[in-house]
Amino acid sequence: MTRPLWVVLPAAGRGTRFGAPLPKQYLQVGGKRLIEHTLDALMAHPRIAGVMVAISQGDADWPGWTTHAGKPVLTCIGGATRADSVRAGLAALDAVTGEQDMVLVHDAARPNIAPQDLDALLAQQSHAVGGILAAPVRDTLKRAADDGAIEATEPRARLWRALTPQMFRRRPLLEALDAASAAGVEVTDDAMAMERLGLRPLLVEGREDNFKVTTPADLERFAFVLACKRGVSGEG
């Protein structure tokens, strides 16, 4: 049986690309904040022990939760980048997890994670390096020239889109993120930091609808998904 895991949830971003007055993780959809839907999905899984949320200094929008679904919600102060917030969250977990325990890192604005995907990822807890949820690239890929015209069609075989959660041992991931920071490399996900050290995380196929809310259209999409789920379950 796999061990329970803690989740690091980087939520210190201000969501400037979204263009809303609030950080996107606090926007309301279906009567709840977006981050609350994310917590609902994570905390419902029996293997999740708790969540460490990395928030910004002086975050006036954080609701102050200390538990969710009967499980602990801890907070720490995040950083200027996602990687900085993940590093802060990993360090703050020192009191509740071992250095070689697996941890999950998940986007606060990725609320539509399916329990089956968590099952699939957590089934790989014994992997030497860790793994990530990902989806094979199915669209045709075009490379653009400087003038905006198509320069080439790129082969999509063996290409995957990285999703979250991503699962790694706490101390090795922290060291990988520290090394990237020291080298001045801005990693765009946690797996990239591990790859820089010559490690090969496992790709675990996940659902295509595990999307991140980045634009207003994404928020509308999640509102539609939520309405469909509630319609099926008969909720009012």
# chains A, B, ... in the order shown; residues from 1 in each chain; ligands from 1
>>> residues_around(residues="A:Gly131", least_positions_apart="4", cutoff="7 Å", atoms="only C-alpha atoms", output="ChimeraX atom specification")
/A:166-168,201-204
>>> write_last_selection(atoms="all heavy atoms", output="PDB file, in the first residue's frame")
ATOM      1  N   GLN A 166       2.822  16.800  -9.978  1.00  0.00           N
ATOM      2  CA  GLN A 166       4.093  16.162 -10.243  1.00  0.00           C
ATOM      3  C   GLN A 166       4.608  15.636  -8.908  1.00  0.00           C
ATOM      4  O   GLN A 166       4.426  16.280  -7.873  1.00  0.00           O
ATOM      5  CB  GLN A 166       5.068  17.145 -10.882  1.00  0.00           C
ATOM      6  CG  GLN A 166       4.489  17.722 -12.180  1.00  0.00           C
ATOM      7  CD  GLN A 166       5.502  18.453 -13.037  1.00  0.00           C
ATOM      8  OE1 GLN A 166       6.649  18.664 -12.661  1.00  0.00           O
ATOM      9  NE2 GLN A 166       5.064  18.845 -14.229  1.00  0.00           N
ATOM     10  N   MET A 167       5.210  14.471  -8.922  1.00  0.00           N
ATOM     11  CA  MET A 167       5.534  13.745  -7.685  1.00  0.00           C
ATOM     12  C   MET A 167       7.022  13.411  -7.624  1.00  0.00           C
ATOM     13  O   MET A 167       7.554  12.734  -8.503  1.00  0.00           O
ATOM     14  CB  MET A 167       4.702  12.454  -7.622  1.00  0.00           C
ATOM     15  CG  MET A 167       4.968  11.586  -6.407  1.00  0.00           C
ATOM     16  SD  MET A 167       3.922  10.081  -6.405  1.00  0.00           S
ATOM     17  CE  MET A 167       4.642   9.171  -7.800  1.00  0.00           C
ATOM     18  N   PHE A 168       7.684  13.917  -6.580  1.00  0.00           N
ATOM     19  CA  PHE A 168       9.105  13.652  -6.388  1.00  0.00           C
ATOM     20  C   PHE A 168       9.412  13.531  -4.893  1.00  0.00           C
ATOM     21  O   PHE A 168       8.622  13.963  -4.047  1.00  0.00           O
ATOM     22  CB  PHE A 168       9.955  14.776  -6.993  1.00  0.00           C
ATOM     23  CG  PHE A 168       9.773  14.932  -8.467  1.00  0.00           C
ATOM     24  CD1 PHE A 168       9.000  15.961  -8.984  1.00  0.00           C
ATOM     25  CD2 PHE A 168      10.340  14.025  -9.345  1.00  0.00           C
ATOM     26  CE1 PHE A 168       8.813  16.101 -10.346  1.00  0.00           C
ATOM     27  CE2 PHE A 168      10.145  14.142 -10.719  1.00  0.00           C
ATOM     28  CZ  PHE A 168       9.390  15.187 -11.219  1.00  0.00           C
ATOM     29  N   PRO A 201      12.284  11.469 -14.874  1.00  0.00           N
ATOM     30  CA  PRO A 201      10.976  11.206 -14.267  1.00  0.00           C
ATOM     31  C   PRO A 201      10.078  10.423 -15.219  1.00  0.00           C
ATOM     32  O   PRO A 201      10.208  10.492 -16.445  1.00  0.00           O
ATOM     33  CB  PRO A 201      10.413  12.610 -14.009  1.00  0.00           C
ATOM     34  CG  PRO A 201      11.600  13.517 -14.033  1.00  0.00           C
ATOM     35  CD  PRO A 201      12.557  12.910 -15.002  1.00  0.00           C
ATOM     36  N   LEU A 202       9.137   9.715 -14.618  1.00  0.00           N
ATOM     37  CA  LEU A 202       8.192   8.900 -15.386  1.00  0.00           C
ATOM     38  C   LEU A 202       7.029   9.747 -15.884  1.00  0.00           C
ATOM     39  O   LEU A 202       6.535  10.622 -15.176  1.00  0.00           O
ATOM     40  CB  LEU A 202       7.664   7.784 -14.479  1.00  0.00           C
ATOM     41  CG  LEU A 202       6.834   6.674 -15.119  1.00  0.00           C
ATOM     42  CD1 LEU A 202       7.692   5.853 -16.067  1.00  0.00           C
ATOM     43  CD2 LEU A 202       6.248   5.784 -14.024  1.00  0.00           C
ATOM     44  N   LEU A 203       6.600   9.490 -17.114  1.00  0.00           N
ATOM     45  CA  LEU A 203       5.385  10.107 -17.658  1.00  0.00           C
ATOM     46  C   LEU A 203       4.195   9.195 -17.357  1.00  0.00           C
ATOM     47  O   LEU A 203       4.198   8.026 -17.720  1.00  0.00           O
ATOM     48  CB  LEU A 203       5.509  10.305 -19.171  1.00  0.00           C
ATOM     49  CG  LEU A 203       6.491  11.376 -19.640  1.00  0.00           C
ATOM     50  CD1 LEU A 203       6.793  11.199 -21.124  1.00  0.00           C
ATOM     51  CD2 LEU A 203       5.942  12.769 -19.380  1.00  0.00           C
ATOM     52  N   VAL A 204       3.196   9.745 -16.679  1.00  0.00           N
ATOM     53  CA  VAL A 204       1.978   9.008 -16.348  1.00  0.00           C
ATOM     54  C   VAL A 204       0.822   9.681 -17.071  1.00  0.00           C
ATOM     55  O   VAL A 204       0.529  10.848 -16.819  1.00  0.00           O
ATOM     56  CB  VAL A 204       1.726   8.993 -14.827  1.00  0.00           C
ATOM     57  CG1 VAL A 204       0.441   8.257 -14.505  1.00  0.00           C
ATOM     58  CG2 VAL A 204       2.915   8.382 -14.090  1.00  0.00           C
TER      59      VAL A 204
END
>>> closest_atom_pairs(of="stretch 155-188 of chain A", to="stretch 97-120 of chain A", cutoff="12 Å", atoms="only C-alpha atoms", output="CSV")
residue,atom,partner,partner_atom,distance
A:Ala162,CA,A:His106,CA,11.6
A:Leu163,CA,A:His106,CA,8.7
A:Thr164,CA,A:His106,CA,5.1
A:Pro165,CA,A:His106,CA,4.4
A:Gln166,CA,A:Val105,CA,5.3
A:Met167,CA,A:Leu104,CA,4.5
A:Phe168,CA,A:Met102,CA,5.2
A:Arg169,CA,A:Met102,CA,4.1
A:Arg170,CA,A:Glu99,CA,5.4
A:Arg171,CA,A:Glu99,CA,4.8
A:Pro172,CA,A:Gln100,CA,7.6
A:Leu173,CA,A:Val103,CA,9.2
A:Leu174,CA,A:Glu99,CA,9.5
A:Glu175,CA,A:Glu99,CA,10.7
A:Thr188,CA,A:Asp107,CA,11.9
>>> atom_distance(atom1="atom CA of A:Arg138", atom2="atom CA of A:Ala152")
17.0 Å
>>> select_by_dssp(residues="stretch 110-235 of chain A", states="helix (DSSP H, G or I)", output="count of residues only")
46
>>> atom_distance(atom1="atom CA of A:Leu9", atom2="atom CA of A:Leu219")
18.8 Å
>>> residues_around(residues="A:Val137", least_positions_apart="5", cutoff="12 Å", atoms="only C-alpha atoms", output="PyMOL selection string")
chain A and resi 154-163+205-206+208
>>> residues_around(residues="stretch 39-49 of chain A", least_positions_apart="2", cutoff="6 Å", atoms="only C-alpha atoms", output="ChimeraX atom specification")
/A:4-6,36-37
>>> write_last_selection(atoms="all heavy atoms", output="tab-separated table (two decimals), in the first residue's frame")
chain	number	residue	atom	x	y	z
A	4	PRO	N	0.59	7.84	2.58
A	4	PRO	CA	-0.04	9.15	2.35
A	4	PRO	C	1.02	10.18	1.95
A	4	PRO	O	2.18	10.08	2.36
A	4	PRO	CB	-0.67	9.48	3.70
A	4	PRO	CG	-0.79	8.17	4.41
A	4	PRO	CD	0.37	7.33	3.93
A	5	LEU	N	0.62	11.17	1.18
A	5	LEU	CA	1.54	12.21	0.73
A	5	LEU	C	0.99	13.59	1.07
A	5	LEU	O	-0.22	13.80	1.13
A	5	LEU	CB	1.74	12.15	-0.79
A	5	LEU	CG	2.45	10.96	-1.39
A	5	LEU	CD1	1.47	9.88	-1.75
A	5	LEU	CD2	3.21	11.39	-2.65
A	6	TRP	N	1.91	14.52	1.22
A	6	TRP	CA	1.56	15.93	1.33
A	6	TRP	C	1.66	16.58	-0.06
A	6	TRP	O	2.41	16.11	-0.93
A	6	TRP	CB	2.49	16.64	2.29
A	6	TRP	CG	2.09	16.43	3.72
A	6	TRP	CD1	2.29	15.31	4.48
A	6	TRP	CD2	1.39	17.37	4.55
A	6	TRP	NE1	1.75	15.48	5.73
A	6	TRP	CE2	1.20	16.74	5.81
A	6	TRP	CE3	0.91	18.66	4.36
A	6	TRP	CZ2	0.56	17.37	6.87
A	6	TRP	CZ3	0.27	19.29	5.42
A	6	TRP	CH2	0.08	18.65	6.65
A	36	GLU	N	-10.46	26.66	-3.76
A	36	GLU	CA	-11.24	25.75	-2.94
A	36	GLU	C	-11.66	24.51	-3.74
A	36	GLU	O	-11.67	23.39	-3.21
A	36	GLU	CB	-12.47	26.46	-2.37
A	36	GLU	CG	-13.21	25.66	-1.33
A	36	GLU	CD	-14.29	26.46	-0.62
A	36	GLU	OE1	-14.46	27.66	-0.94
A	36	GLU	OE2	-14.96	25.88	0.24
A	37	HIS	N	-11.99	24.71	-5.01
A	37	HIS	CA	-12.29	23.55	-5.86
A	37	HIS	C	-11.06	22.64	-5.99
A	37	HIS	O	-11.18	21.41	-5.98
A	37	HIS	CB	-12.72	24.02	-7.25
A	37	HIS	CG	-14.07	24.68	-7.28
A	37	HIS	ND1	-15.24	23.98	-7.08
A	37	HIS	CD2	-14.43	25.97	-7.49
A	37	HIS	CE1	-16.27	24.81	-7.18
A	37	HIS	NE2	-15.80	26.01	-7.42
>>> residues_around(residues="A:Thr75", least_positions_apart="4", cutoff="12 Å", atoms="only C-alpha atoms", output="PyMOL selection string")
chain A and resi 7-12+50-57+59+62-67+85-86+88-93
>>> closest_residue(among="A:Val185, A:Met192, A:Ala145, A:Ala227", to="A:Thr81", atoms="only C-alpha atoms")
A:Val185
>>> closest_residue(among="A:Asp178, A:Asp218, A:Glu186, A:Asp146", to="A:Val29", atoms="only C-alpha atoms")
A:Asp218
>>> select_by_dssp(residues="chain A", states="strand (DSSP E)", output="JSON, numbers by chain")
{"A": [5, 6, 7, 8, 9, 10, 11, 28, 29, 32, 33, 48, 49, 50, 51, 52, 53, 54, 55, 67, 68, 71, 72, 73, 74, 75, 76, 77, 102, 103, 104, 105, 130, 131, 132, 133, 134, 135, 136, 141, 142, 143, 144, 150, 151, 152, 153, 154, 160, 161, 162, 163, 164, 165, 166, 167, 168, 169, 202, 203, 204, 205]}
>>> closest_residue(among="A:Arg207, A:His127, A:Lys212, A:Arg196", to="A:Ser181", atoms="only C-alpha atoms")
A:Arg196
>>> decode(residues="stretch 99-122 of chain A", atoms="N, CA, C and O atoms", output="short mmCIF file (atom, residue, chain, number, x, y, z; two decimals), in the first residue's frame")
data_model
loop_
_atom_site.label_atom_id
_atom_site.label_comp_id
_atom_site.auth_asym_id
_atom_site.auth_seq_id
_atom_site.Cartn_x
_atom_site.Cartn_y
_atom_site.Cartn_z
N GLU A 99 12.82 13.54 4.43
CA GLU A 99 13.54 14.08 3.27
C GLU A 99 13.34 13.23 2.03
O GLU A 99 13.35 13.74 0.91
N GLN A 100 13.16 11.92 2.19
CA GLN A 100 13.01 11.02 1.05
C GLN A 100 11.56 10.63 0.80
O GLN A 100 11.29 9.79 -0.06
N ASP A 101 10.62 11.24 1.53
CA ASP A 101 9.20 10.99 1.26
C ASP A 101 8.79 11.67 -0.04
O ASP A 101 9.24 12.77 -0.36
N MET A 102 7.93 10.99 -0.78
CA MET A 102 7.37 11.61 -1.98
C MET A 102 6.41 12.74 -1.58
O MET A 102 5.69 12.64 -0.58
N VAL A 103 6.43 13.80 -2.36
CA VAL A 103 5.46 14.89 -2.21
C VAL A 103 4.89 15.18 -3.59
O VAL A 103 5.52 14.90 -4.62
N LEU A 104 3.71 15.75 -3.60
CA LEU A 104 3.10 16.20 -4.84
C LEU A 104 3.19 17.71 -4.93
O LEU A 104 3.11 18.40 -3.92
N VAL A 105 3.37 18.21 -6.13
CA VAL A 105 3.27 19.65 -6.39
C VAL A 105 2.15 19.84 -7.41
O VAL A 105 2.17 19.19 -8.47
N HIS A 106 1.19 20.69 -7.08
CA HIS A 106 0.03 20.87 -7.93
C HIS A 106 -0.28 22.34 -8.09
O HIS A 106 -0.11 23.13 -7.15
N ASP A 107 -0.75 22.73 -9.27
CA ASP A 107 -1.12 24.12 -9.53
C ASP A 107 -2.40 24.47 -8.79
O ASP A 107 -3.40 23.75 -8.88
N ALA A 108 -2.39 25.60 -8.09
CA ALA A 108 -3.58 26.03 -7.36
C ALA A 108 -4.75 26.29 -8.29
O ALA A 108 -5.91 26.15 -7.90
N ALA A 109 -4.46 26.68 -9.53
CA ALA A 109 -5.51 27.01 -10.50
C ALA A 109 -5.74 25.87 -11.49
O ALA A 109 -6.11 26.09 -12.64
N ARG A 110 -5.53 24.64 -11.02
CA ARG A 110 -5.83 23.46 -11.84
C ARG A 110 -6.83 22.61 -11.05
O ARG A 110 -6.48 21.63 -10.41
N PRO A 111 -8.13 22.99 -11.11
CA PRO A 111 -9.12 22.42 -10.19
C PRO A 111 -9.77 21.13 -10.65
O PRO A 111 -10.51 20.51 -9.88
N ASN A 112 -9.53 20.71 -11.89
CA ASN A 112 -10.32 19.60 -12.45
C ASN A 112 -9.54 18.29 -12.48
O ASN A 112 -9.65 17.52 -13.43
N ILE A 113 -8.75 18.05 -11.44
CA ILE A 113 -7.97 16.81 -11.37
C ILE A 113 -8.89 15.65 -11.00
O ILE A 113 -9.64 15.73 -10.03
N ALA A 114 -8.80 14.58 -11.77
CA ALA A 114 -9.68 13.43 -11.55
C ALA A 114 -9.04 12.47 -10.55
O ALA A 114 -7.82 12.28 -10.54
N PRO A 115 -9.87 11.82 -9.72
CA PRO A 115 -9.31 10.86 -8.76
C PRO A 115 -8.57 9.70 -9.43
O PRO A 115 -7.60 9.19 -8.89
N GLN A 116 -9.02 9.31 -10.63
CA GLN A 116 -8.34 8.22 -11.34
C GLN A 116 -6.92 8.62 -11.72
O GLN A 116 -6.01 7.79 -11.72
N ASP A 117 -6.72 9.90 -12.05
CA ASP A 117 -5.38 10.37 -12.39
C ASP A 117 -4.49 10.37 -11.15
O ASP A 117 -3.31 10.00 -11.23
N LEU A 118 -5.04 10.77 -10.01
CA LEU A 118 -4.27 10.69 -8.77
C LEU A 118 -3.91 9.25 -8.46
O LEU A 118 -2.78 8.95 -8.06
N ASP A 119 -4.86 8.34 -8.66
CA ASP A 119 -4.58 6.91 -8.45
C ASP A 119 -3.40 6.46 -9.31
O ASP A 119 -2.49 5.77 -8.83
N ALA A 120 -3.44 6.84 -10.59
CA ALA A 120 -2.40 6.40 -11.52
C ALA A 120 -1.03 6.94 -11.14
O ALA A 120 -0.02 6.23 -11.21
N LEU A 121 -0.99 8.21 -10.73
CA LEU A 121 0.29 8.80 -10.34
C LEU A 121 0.81 8.20 -9.04
O LEU A 121 1.98 7.82 -8.93
N LEU A 122 -0.07 8.07 -8.05
CA LEU A 122 0.36 7.56 -6.75
C LEU A 122 0.75 6.09 -6.81
O LEU A 122 1.51 5.61 -5.97
#
